[in-house]
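J.: Okay, here's the structure, questions in a sec.
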Amino acid sequence: MSERKVLNKYYPPDFDPSKIPKLKLPKDRQYVVRLMAPFNMRCKTCGEYIYKGKKFNARKETVQNEVYLGLPIFRFYIKCTRCLAEITFKTDPENTDYTMEHGATRNFQAEKLLEEEEKRVQKEREDEELNNPMKVLENRTKDSKLEMEVLENLQELKDLNQRQAHVDFEAMLRQHRLAEEERQRREQEEDEQEAAALVEEARKQRLLEDSESEDDTAPAPPRPATRPNPTAILEEAPKAKRRAESWERSVGTLSSKSQLSNLVVVRKTGDQTTQQGQRVSCSGTLHNGKAADPAPRTSAISSLSQLGAYSDSEDSSSSS
């Protein structure tokens with residue numbers, strides 16, 4: 001078991017390597033290898049895009065009669081992932097790249113074509129300079145002229161950068177900061193004004209609602225006090241002034257009423273009802289403009305006559 005790990009095997013003294021039979025294999029033998037797509041390609045059969053790095057189980061073979069500096073060139077066979085069409089490409093050791101051969105077209109070859117064009121132009125120029133010394137002088141003149149143009153363009157760019165270098169970036173930043181602060185202050189003032197307007201509108205709305213509620217709950221206006229008698233206003237007519245007599249000053253007017261007589265209401269009887277009707281008729285005549293004696297004066301005169309009659313009766317009884 002230990003001999004499988006050693007580097008040198010045991011060869012017997014009578015070992016002859018020429019007697020070992022050699023295995024004869026065909027030169028175009030194909031091997032199955034696992035590889036990734038070396039570039040982006042598109043299938044010509046179905047138009048499927050195959051991106052760089054996609055893995056395939058490919059068949060590899062050696063291209064016959066093609067060698068670059070002793071290096072063999074290999075060809076690979078893969079199948080499209082959609083239509084299973086066969087696609088082949090081979091190695092390009094001269095450009096350290098791969099070359100599309102059959103079944104697909106290579107994508108994004110602009111950079112490669114540009115490089116190939118540059119190499120072709122450079123090779124043609126070298127061939128011309130090798131056989132024509134005047135061409136060498138002409139190419140050198142063109143190169144020097146191109147170099148001068150490049151230097152002039154570079155100087156213009158430097159001058160432009162110097163002019164831009166005099167710009168005070170601190171002042172620009174300061175101005176921008178001030179403008180930003182002014183904008184923020186203006187926005188804040190506008191927000192405050194809007195808030196104040198909303199508050200004022202809400203206050204007015206609340207006052208309007210309060211006034212409407214007060215109007216709804218306000219008590220009815222007090223009604224004027226009703227008079228005890230609808231025709232009592234007729235009795236308040238101005239009384240005629242009369243001359244006061246000496247005996248009335250001492251005794252007083254019999255028909256005078258107290259100031260608080262309106263506060264006490266006397267229960268009416270049958271006779272009072274009759275007298276009230278008479279008063280209503282008398283007031284009606286006064287309202288119509290007819291002359292009539294006032295009721296209080298009549299009652300006063302009758303009472304005075306009764307008092308005089310009473311005094312006369314006492315005198316007669318004393319004389320008898």
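We label chains A, B, ... in the order they appear in the structure tokens, count residues from 1 in each chain, and number ligands from 1 in the order shown.
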Go through segment 114-198 of chain A and flag each residue having an atom no more than 12 Å from segment 84-106 of chain A; for those, report the closest pair of atoms plus their distance in Å to one decimal, using only C-alpha atoms, ordered by chain and rising number, as a Markdown table.
T.:
| residue | atom | partner | partner_atom | distance |
| --- | --- | --- | --- | --- |
| A:Glu115 | CA | A:Asn95 | CA | 10.7 |
| A:Glu116 | CA | A:Asn95 | CA | 9.8 |
| A:Lys119 | CA | A:Asn95 | CA | 11.4 |
J.: DSSP on the backbone, then: every residue of segment 23-236 of chain A marked alpha helix (DSSP H), written as a ChimeraX atom specification.
T.: /A:110-131,133-165,169-217
J.: How far is it from atom CA of Glu201 of chain A to atom CA of Ser213 of chain A, in Å with one decimal?
T.: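 Result for atom CA of Glu201 of chain A versus atom CA of Ser213 of chain A: 18.4 Å, one decimal.
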J.: With DSSP run on the backbone, what are the strand (DSSP E) residues within segment 38-233 of chain A? I'd like them as a PyMOL selection string.
T.: chain A and resi 41-43+49-50+55-68+71-79+86-92+97-102+104-106
J.: Of the candidates A:Glu61, A:Glu48, A:Asp14, A:Glu170, which shows the shortest atom-to-atom distance to Lys27 of chain A, using only C-alpha atoms?
T.: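 Ranking A:Glu61, A:Glu48, A:Asp14, A:Glu170 by distance to Lys27 of chain A, first place goes to A:Glu61.
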J.: What is the atom CA of Phe39 of chain A-atom CA of Glu117 of chain A distance in Å, reported with one decimal?
T.: 20.2 Å
